[in-house]
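> Data: model_37.txt, compact mmCIF, C-alpha atoms.
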# COMPACT_ATOMS: atom_id res chain seq x y z
CA MET A 17 -35.04 -7.17 -11.94
CA ALA A 18 -31.63 -6.17 -10.55
CA ARG A 19 -31.11 -2.47 -10.10
CA SER A 20 -28.31 -0.90 -12.12
CA ASP A 21 -25.16 0.36 -10.40
CA VAL A 22 -26.19 3.95 -11.04
CA GLN A 23 -29.64 3.35 -9.52
CA LEU A 24 -28.08 1.71 -6.48
CA MET A 25 -25.71 4.63 -6.05
CA LEU A 26 -28.58 7.12 -6.36
CA ASP A 27 -30.41 5.13 -3.68
CA VAL A 28 -27.31 5.31 -1.46
CA LYS A 29 -27.32 9.06 -2.05
CA ALA A 30 -30.94 9.14 -0.89
CA GLY A 31 -29.90 7.42 2.35
CA ASP A 32 -30.51 3.74 1.56
CA GLU A 33 -27.69 1.86 3.31
CA GLN A 34 -28.91 -1.46 1.93
CA SER A 35 -28.07 -0.33 -1.61
CA PHE A 36 -24.51 0.31 -0.50
CA ALA A 37 -24.35 -3.26 0.81
CA LEU A 38 -25.46 -4.48 -2.63
CA LEU A 39 -22.72 -2.47 -4.36
CA LEU A 40 -20.22 -3.89 -1.88
CA GLN A 41 -21.39 -7.41 -2.65
CA ARG A 42 -21.26 -6.77 -6.40
CA TYR A 43 -17.78 -5.25 -6.57
CA ARG A 44 -15.74 -6.51 -3.61
CA SER A 45 -14.32 -9.47 -5.54
CA PRO A 46 -13.45 -7.63 -8.80
CA LEU A 47 -11.87 -4.81 -6.81
CA VAL A 48 -9.83 -7.03 -4.49
CA ASN A 49 -8.61 -9.08 -7.48
CA PHE A 50 -7.69 -6.01 -9.49
CA LEU A 51 -5.86 -4.43 -6.56
CA TYR A 52 -4.15 -7.69 -5.62
CA ARG A 53 -2.78 -8.01 -9.15
CA MET A 54 -1.66 -4.40 -9.04
CA VAL A 55 0.11 -4.38 -5.65
CA ARG A 56 0.86 -8.15 -5.26
CA ASN A 57 0.02 -8.16 -1.57
CA ARG A 58 -3.28 -9.53 -0.38
CA GLU A 59 -3.55 -7.60 2.86
CA GLN A 60 -2.65 -4.34 1.17
CA ALA A 61 -5.11 -5.08 -1.66
CA GLU A 62 -7.95 -5.57 0.84
CA ASP A 63 -7.01 -2.36 2.69
CA LEU A 64 -7.05 -0.46 -0.60
CA ALA A 65 -10.37 -2.03 -1.65
CA GLN A 66 -11.88 -0.95 1.67
CA GLU A 67 -10.58 2.56 1.05
CA VAL A 68 -12.24 2.56 -2.39
CA PHE A 69 -15.62 1.68 -0.85
CA ILE A 70 -15.23 4.28 1.88
CA ARG A 71 -14.45 6.96 -0.71
CA VAL A 72 -17.52 5.95 -2.71
CA TYR A 73 -19.61 6.16 0.45
CA ARG A 74 -18.18 9.56 1.40
CA ALA A 75 -18.88 10.92 -2.08
CA ARG A 76 -22.51 9.73 -2.11
CA ALA A 77 -24.01 13.16 -1.42
CA ASP A 78 -22.25 14.69 -4.42
CA TYR A 79 -22.74 11.72 -6.73
CA VAL A 80 -23.93 12.64 -10.22
CA PRO A 81 -24.30 9.79 -12.73
CA SER A 82 -22.26 11.51 -15.43
CA ALA A 83 -20.21 8.37 -16.27
CA LYS A 84 -20.56 4.63 -15.78
CA PHE A 85 -20.30 3.61 -12.14
CA THR A 86 -17.51 1.13 -12.92
CA THR A 87 -15.45 3.86 -14.58
CA TRP A 88 -15.64 5.92 -11.39
CA LEU A 89 -15.03 2.93 -9.12
CA PHE A 90 -11.98 1.64 -10.97
CA ARG A 91 -10.59 5.12 -11.41
CA ILE A 92 -10.52 5.50 -7.63
CA ALA A 93 -9.02 2.01 -7.31
CA THR A 94 -6.36 2.63 -9.98
CA ASN A 95 -5.30 5.94 -8.45
CA LEU A 96 -5.05 4.38 -4.99
CA ALA A 97 -3.04 1.46 -6.36
CA LEU A 98 -0.65 3.69 -8.32
CA ASN A 99 -0.13 5.95 -5.28
CA SER A 100 0.46 2.95 -3.06
CA LEU A 101 3.01 1.50 -5.50
CA ARG A 102 4.84 4.80 -5.61
CA ASP A 103 4.82 5.09 -1.81
CA THR A 104 6.21 1.59 -1.30
CA ARG A 105 8.62 1.48 -4.24
CA HIS A 106 11.79 1.62 -2.10
CA GLN A 107 10.40 -0.92 0.35
CA ARG A 108 9.58 -3.37 -2.46
CA MET A 109 13.02 -2.95 -4.00
CA GLU A 110 14.65 -3.90 -0.70
CA ILE A 111 12.42 -6.95 -0.32
CA SER A 112 13.00 -8.15 -3.85
CA LEU A 113 16.77 -7.90 -3.41
CA ASP A 114 16.74 -9.75 -0.08
CA ALA A 115 14.00 -12.33 -0.56
CA PRO A 116 14.76 -15.80 -1.90
CA MET A 117 13.05 -16.86 -5.12
CA THR A 118 9.80 -18.67 -4.34
CA VAL A 119 6.93 -20.08 -6.33
CA ASP A 120 4.02 -18.35 -4.60
CA ALA A 121 0.47 -19.53 -4.89
CA GLU A 122 -2.13 -17.02 -6.08
CA ASP A 123 -3.64 -16.73 -2.64
CA GLY A 124 -0.56 -17.18 -0.49
CA ASP A 125 1.84 -19.82 0.64
CA GLU A 126 -0.67 -21.55 2.90
CA ARG A 127 -2.16 -23.38 -0.05
CA MET A 128 1.13 -25.08 -0.74
CA MET A 129 0.73 -27.07 2.50
CA ASP A 130 -2.10 -29.27 1.27
CA VAL A 131 -0.72 -29.90 -2.18
CA ALA A 132 -0.49 -33.65 -1.64
CA ASP A 133 -4.16 -33.86 -0.64
CA LYS A 134 -5.50 -31.97 -3.65
CA HIS A 135 -3.00 -33.02 -6.29
CA PRO A 136 -1.87 -36.61 -6.34
CA ASP A 137 0.40 -35.73 -9.22
CA ILE A 138 2.59 -33.30 -7.36
CA GLU A 139 5.04 -32.90 -10.21
CA GLN A 140 2.27 -31.77 -12.54
CA HIS A 141 1.04 -29.37 -9.89
CA LEU A 142 4.47 -27.83 -9.46
CA VAL A 143 4.75 -27.36 -13.21
CA GLU A 144 1.38 -25.56 -13.23
CA GLU A 145 2.40 -23.38 -10.30
CA ALA A 146 5.68 -22.49 -11.98
CA ARG A 147 3.76 -21.56 -15.12
CA LYS A 148 1.38 -19.30 -13.17
CA ALA A 149 4.30 -17.74 -11.32
CA MET A 150 5.94 -16.95 -14.63
CA ILE A 151 2.76 -15.28 -15.91
CA ARG A 152 2.38 -13.30 -12.69
CA HIS A 153 6.02 -12.29 -12.79
CA ALA A 154 5.66 -11.07 -16.39
CA ILE A 155 2.64 -8.95 -15.41
CA ASP A 156 4.49 -7.60 -12.36
CA LYS A 157 7.39 -6.48 -14.53
CA LEU A 158 5.17 -4.27 -16.69
CA PRO A 159 5.32 -0.52 -16.02
CA GLU A 160 2.49 0.40 -13.63
CA LYS A 161 0.24 2.12 -16.15
CA GLN A 162 0.63 -0.68 -18.69
CA ARG A 163 -0.13 -3.19 -15.95
CA ALA A 164 -3.30 -1.33 -14.99
CA ALA A 165 -4.35 -1.21 -18.65
CA VAL A 166 -3.84 -4.96 -19.11
CA LEU A 167 -5.67 -5.85 -15.88
CA LEU A 168 -8.64 -3.60 -16.63
CA HIS A 169 -8.79 -4.85 -20.21
CA LYS A 170 -8.29 -8.54 -19.55
CA TYR A 171 -9.95 -9.20 -16.20
CA GLN A 172 -12.57 -6.47 -15.79
CA GLU A 173 -13.60 -6.58 -19.45
CA LEU A 174 -14.19 -2.86 -19.56
CA ASP A 175 -14.47 -1.26 -22.97
CA TYR A 176 -11.70 0.88 -24.40
CA GLY A 177 -13.52 4.15 -23.72
CA GLU A 178 -13.96 3.29 -20.05
CA ILE A 179 -10.35 2.19 -19.56
CA ALA A 180 -9.12 5.34 -21.30
CA LYS A 181 -11.17 7.47 -18.86
CA ILE A 182 -9.89 5.49 -15.88
CA LEU A 183 -6.28 5.98 -16.96
CA ALA A 184 -6.90 9.58 -18.06
CA CYS A 185 -5.67 9.09 -21.60
CA SER A 186 -7.15 8.97 -25.10
CA GLU A 187 -8.46 5.74 -26.64
CA SER A 188 -5.69 5.92 -29.19
CA ALA A 189 -3.05 6.23 -26.44
CA LEU A 190 -4.66 3.30 -24.62
CA LYS A 191 -4.40 1.09 -27.72
CA SER A 192 -0.69 1.95 -27.98
CA LEU A 193 -0.28 1.25 -24.25
CA LEU A 194 -1.93 -2.17 -24.63
CA PHE A 195 0.15 -2.95 -27.70
CA ARG A 196 3.40 -2.20 -25.83
CA ALA A 197 2.24 -4.22 -22.82
CA TYR A 198 1.30 -7.28 -24.88
CA GLU A 199 4.51 -6.95 -26.85
CA THR A 200 6.50 -7.10 -23.58
CA LEU A 201 4.41 -10.03 -22.32
CA ARG A 202 4.93 -11.84 -25.63
CA VAL A 203 8.71 -11.59 -25.17
CA GLU A 204 8.67 -12.42 -21.44
CA LEU A 205 6.39 -15.40 -21.90
CA ALA A 206 8.00 -16.64 -25.11
CA PRO A 207 8.59 -20.20 -23.79
CA LEU A 208 4.91 -20.52 -22.83
CA VAL A 209 3.69 -18.74 -25.94
CA ALA A 210 5.59 -21.16 -28.15
CA GLY A 211 3.87 -24.06 -26.42
CA ALA A 212 0.44 -22.44 -26.52
CA LYS A 213 0.31 -21.72 -30.26
CA MET B 29 -2.59 -0.58 -44.03
CA SER B 30 0.99 -0.32 -42.74
CA CYS B 31 2.52 -2.48 -39.97
CA SER B 32 2.77 0.57 -37.67
CA ARG B 33 -0.95 1.28 -38.12
CA MET B 34 -1.63 -2.36 -37.33
CA GLU B 35 -0.17 -1.89 -33.84
CA LYS B 36 -3.19 -0.01 -32.54
CA GLN B 37 -5.62 -2.38 -34.20
CA MET B 38 -4.04 -5.56 -32.94
CA MET B 39 -5.67 -5.87 -29.49
CA PRO B 40 -9.10 -4.65 -30.65
CA TYR B 41 -8.88 -7.31 -33.38
CA VAL B 42 -7.97 -10.02 -30.86
CA ASP B 43 -10.93 -8.85 -28.71
CA GLY B 44 -13.27 -8.77 -31.68
CA ARG B 45 -14.08 -5.11 -31.05
CA LEU B 46 -13.36 -3.69 -34.50
CA LYS B 47 -15.98 -2.40 -36.89
CA ALA B 48 -16.65 -4.62 -39.89
CA SER B 49 -14.77 -2.27 -42.25
CA GLU B 50 -11.73 -2.08 -39.90
CA GLN B 51 -11.76 -5.83 -39.48
CA ARG B 52 -11.66 -6.37 -43.25
CA GLU B 53 -8.73 -3.94 -43.49
CA VAL B 54 -6.79 -5.77 -40.74
CA GLU B 55 -7.47 -9.16 -42.30
CA ALA B 56 -6.26 -7.93 -45.69
CA HIS B 57 -3.01 -6.78 -44.04
CA LEU B 58 -2.59 -10.03 -42.12
CA ALA B 59 -3.02 -12.03 -45.30
CA ALA B 60 -0.14 -10.08 -46.87
CA CYS B 61 2.21 -9.65 -43.85
CA ALA B 62 3.69 -12.76 -42.24
CA ALA B 63 5.37 -10.83 -39.38
CA CYS B 64 2.09 -9.25 -38.26
CA ARG B 65 0.34 -12.59 -38.62
CA VAL B 66 2.84 -14.26 -36.28
CA ARG B 67 2.61 -11.40 -33.80
CA MET B 68 -1.18 -11.53 -33.85
CA ASN B 69 -1.18 -15.25 -33.08
CA GLU B 70 1.26 -14.68 -30.22
CA PHE B 71 -0.89 -11.90 -28.79
CA ARG B 72 -3.80 -14.35 -28.82
CA ALA B 73 -1.63 -16.90 -27.01
CA VAL B 74 -0.62 -14.30 -24.38
CA SER B 75 -4.27 -13.42 -23.85
CA GLY B 76 -5.00 -17.11 -23.30
CA LEU B 77 -2.15 -17.41 -20.80
CA LEU B 78 -3.54 -14.51 -18.75
CA ASP B 79 -6.80 -16.46 -18.44
CA GLU B 80 -4.92 -19.14 -16.50
CA LEU B 81 -4.45 -16.98 -13.41
CA PRO B 82 -7.10 -17.90 -10.83
CA GLN B 83 -9.29 -15.40 -9.02
CA ILE B 84 -8.83 -14.81 -5.29
CA GLU B 85 -11.69 -14.40 -2.85
CA PRO B 86 -11.77 -11.50 -0.38
CA SER B 87 -11.29 -12.64 3.21
CA GLY B 88 -14.37 -13.40 5.30
CA ALA B 89 -13.88 -10.28 7.41
CA PHE B 90 -13.76 -7.93 4.41
CA ASP B 91 -17.45 -6.93 4.42
CA ALA B 92 -17.52 -6.55 8.20
CA ARG B 93 -14.49 -4.24 8.10
CA VAL B 94 -16.05 -2.05 5.39
CA ARG B 95 -19.35 -1.89 7.32
CA ALA B 96 -17.49 -0.95 10.51
CA ARG B 97 -15.71 1.86 8.72
CA VAL B 98 -18.96 3.06 7.14
CA ALA B 99 -20.63 3.05 10.57
CA ALA B 100 -17.75 5.13 11.94
CA GLU B 101 -18.21 7.79 9.25
CA PRO B 102 -19.62 11.05 10.61
CA VAL B 103 -23.14 11.89 9.49
CA LYS B 104 -22.89 14.41 6.69
CA GLN B 105 -24.86 17.63 7.28
CA SER B 106 -25.73 20.41 4.94
CA TRP B 107 -23.83 23.68 5.45
CA TRP B 108 -26.88 25.43 6.88
CA THR B 109 -27.10 22.96 9.75
CA VAL B 110 -23.84 24.46 11.05
CA PHE B 111 -26.05 27.23 12.46
CA ALA B 112 -28.72 24.92 13.79
CA PRO B 113 -27.20 24.29 17.23
CA SER B 114 -26.67 28.02 17.76
CA PRO B 115 -29.48 30.40 16.71
CA ARG B 116 -27.53 33.19 18.43
CA ALA B 117 -24.63 32.69 16.04
CA ALA B 118 -27.04 32.83 13.11
CA PHE B 119 -28.62 36.05 14.47
CA ALA B 120 -25.20 37.62 15.07
CA ALA B 121 -24.08 36.74 11.55
CA SER B 122 -27.28 38.25 10.09
CA MET B 123 -26.80 41.47 12.06
CA LEU B 124 -23.19 41.69 10.95
CA LEU B 125 -24.28 41.25 7.35
CA LEU B 126 -26.96 43.98 7.65
CA ALA B 127 -24.48 46.36 9.30
CA THR B 128 -21.98 45.77 6.52
CA ILE B 129 -24.61 46.50 3.87
CA TRP B 130 -25.76 49.66 5.70
CA ILE B 131 -22.23 51.02 6.11
CA GLY B 132 -21.45 50.19 2.51
CA SER B 133 -24.52 52.09 1.24
CA ARG B 134 -23.63 55.37 3.07
CA PRO B 135 -22.07 58.24 1.00
CA ASN B 136 -18.28 58.35 1.24
CA ASN B 137 -16.71 61.04 3.47
CA VAL B 138 -13.00 61.63 3.26
CA ASN B 139 -11.00 63.20 6.03
CA THR B 140 -8.71 66.01 5.04
CA GLY B 141 -5.91 67.57 7.09
CA ASN B 142 -3.72 65.31 9.18
CA GLY B 143 -6.15 62.48 9.29
CA GLY B 144 -6.98 63.00 12.97
CA SER B 145 -10.55 62.74 14.08
CA ASN B 146 -10.46 66.34 15.39
CA GLY B 147 -9.13 67.89 12.19
CA PRO B 148 -11.28 69.88 9.80
CA THR B 149 -13.34 67.83 7.43
CA ALA B 150 -14.60 68.72 3.98
CA GLN B 151 -17.08 66.98 1.80
CA VAL B 152 -15.64 65.82 -1.46
CA ILE B 153 -17.56 67.57 -4.21
CA ASP B 154 -17.76 66.34 -7.70
CA PRO B 155 -17.01 69.29 -10.11
CA ASN B 156 -20.09 68.31 -12.11
CA ASP B 157 -22.25 68.91 -9.06
CA LEU B 158 -21.13 72.57 -8.65
CA PRO B 159 -23.95 75.10 -9.26
CA VAL B 160 -23.70 77.02 -12.49
CA LEU B 161 -22.44 80.56 -11.85
CA GLU B 162 -25.10 83.12 -12.61
CA ASN B 163 -24.49 85.38 -15.53
CA TYR B 164 -25.20 88.81 -13.99
CA ASP B 165 -25.20 90.66 -17.34
CA ILE B 166 -28.11 88.58 -18.53
CA LEU B 167 -29.93 89.03 -15.26
CA ALA B 168 -29.38 92.81 -15.30
CA ASN B 169 -30.86 93.10 -18.80
CA PHE B 170 -33.62 90.62 -18.23
CA GLU B 171 -36.76 92.53 -19.22
CA PRO B 172 -39.34 91.05 -16.88
CA LEU B 173 -37.13 91.96 -13.95
CA THR B 174 -37.04 95.67 -14.97
CA GLU B 175 -40.81 95.78 -14.68
CA LEU B 176 -40.74 94.83 -11.02
CA PRO B 177 -41.20 97.72 -8.54
CA GLN B 178 -38.01 98.98 -6.93
CA PRO B 179 -37.54 97.74 -3.37
CA VAL B 180 -38.24 100.35 -0.74
CA GLN B 181 -35.29 100.86 1.57
CA SER B 182 -35.92 101.84 5.19
CA ASP B 183 -33.93 104.51 7.05
CA GLU B 184 -32.55 101.90 9.42
CA SER B 185 -31.07 99.92 6.65
CA ASP B 186 -29.57 103.11 5.16
CA GLU B 187 -27.94 103.86 8.45
CA ALA B 188 -26.59 100.33 8.69
CA ASP B 189 -25.16 100.62 5.21
CA SER B 190 -23.52 103.97 5.96
CA ASN B 191 -22.01 102.53 9.18
CA GLN B 192 -20.56 99.59 7.28
CA SER B 193 -19.00 101.88 4.67
CA MET B 194 -17.34 103.82 7.44
Would you give me this structure, written as structure tokens?

Amino acid sequence: MARSDVQLMLDVKAGDEQSFALLLQRYRSPLVNFLYRMVRNREQAEDLAQEVFIRVYRARADYVPSAKFTTWLFRIATNLALNSLRDTRHQRMEISLDAPMTVDAEDGDERMMDVADKHPDIEQHLVEEARKAMIRHAIDKLPEKQRAAVLLHKYQELDYGEIAKILACSESALKSLLFRAYETLRVELAPLVAGAK
Amino acid sequence: MSCSRMEKQMMPYVDGRLKASEQREVEAHLAACAACRVRMNEFRAVSGLLDELPQIEPSGAFDARVRARVAAEPVKQSWWTVFAPSPRAAFAASMLLLATIWIGSRPNNVNTGNGGSNGPTAQVIDPNDLPVLENYDILANFEPLTELPQPVQSDESDEADSNQSM
């Protein structure tokens, strides 16, 4: 039977390095995905995810299982992402003003090179990529806290209580935050929403 | 239920995370309010669109980089182990602590005068500690004392007394 996150963390606290490797294996992908969708830069997302794991490791001696492990983990990740976004805000504004409009693939431009091999119907593929880019762009335009709420809610499937703790707000405030975020997405994605109904 | 109250219930309803009673309340409102019904369907559609974004995989070197950083972390020691490499430091600290306690437990003396070390010093006396002045009238009339034999005075002491009076 698989050990729970809390048990693994308690084992790490007791000096078991192998348990830390299991936590790394369990959460590297969710963390990198969450951070990538927050900061929109793969390299930066991986650097931040590494930092999350290092902070968990450093805090092992003081670890007390007072909350769910994922709440703690994603709270660290969210704070790091929000700080990083604030630190690089000016830099990103300059890039967005200078850069030409591109349809970027989820994992970088390199995938666009072998489009013909994987997708005989290149036109259909470009339509799909444009659709994904529009969805990503709509998420990117959300205010940072709303974006974090949507990503934690939609992709990490955390419950409302957990997300509220991660974002340091009440459950009621979180529900309002999610409502505003989905309302913005509904407007931004209106052409796709009309087709999806 | 009003439309404004519906706002907070909309996403939990889409997720299916409402209690049965709340769900019935929301469904009753949706049946009566076309605007909320449209919005609810569009929220569902948005949620479906978000599912279309693919996951990314961390790079192959990700684990190795985390492990390298973990290996570079200093070994955490308890605070007491700070003294372990130097028993002399621990002994000196203990002596300092004992000296502080000993000095702190001594009665307070306050210098008077100009504050110099050679100036006259006086012990500070609490007025409550002063001896009670004897009431000489009571002592003079104290009966048991009258029964005592009178002290015999020697000639030498008489002479000394007479010299002092001179």
> Calculate how many Å separate atom CA of A:Glu33 from atom CA of B:Arg95, rounding to one decimal.
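Computing the Euclidean distance for atom CA of A:Glu33 and atom CA of B:Arg95 yields 10.0 Å.
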> Compute the chain B side of the contact with chain A at 12 Å, counting all atoms listed in the file, and hand it back as a ChimeraX atom specification.
/B:32-46,64,66-106
> Write out as a PyMOL selection string the residues lying within 12 Å of A:Lys84, counting all atoms listed in the file and excluding same-chain residues fewer than 2 positions away.
chain A and resi 20-23+25+79-82+86-91+174-175+177-179+181-182
> If I take atom CA of A:Asn57 and atom CA of A:Glu160, how far is one from the other in Å, to one decimal?
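For atom CA of A:Asn57 relative to atom CA of A:Glu160, the distance reads 15.0 Å.
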> Go ahead and compute the interatomic distance for atom CA of A:Arg102 and atom CA of A:Ala184, in Å to one decimal.
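Rounded to one decimal, the two atoms are 17.8 Å apart.
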> Which one is closest to B:Ser30: B:Ile131, B:Ala121, B:Ala48, B:Ala63? Count all atoms listed in the file.
B:Ala63
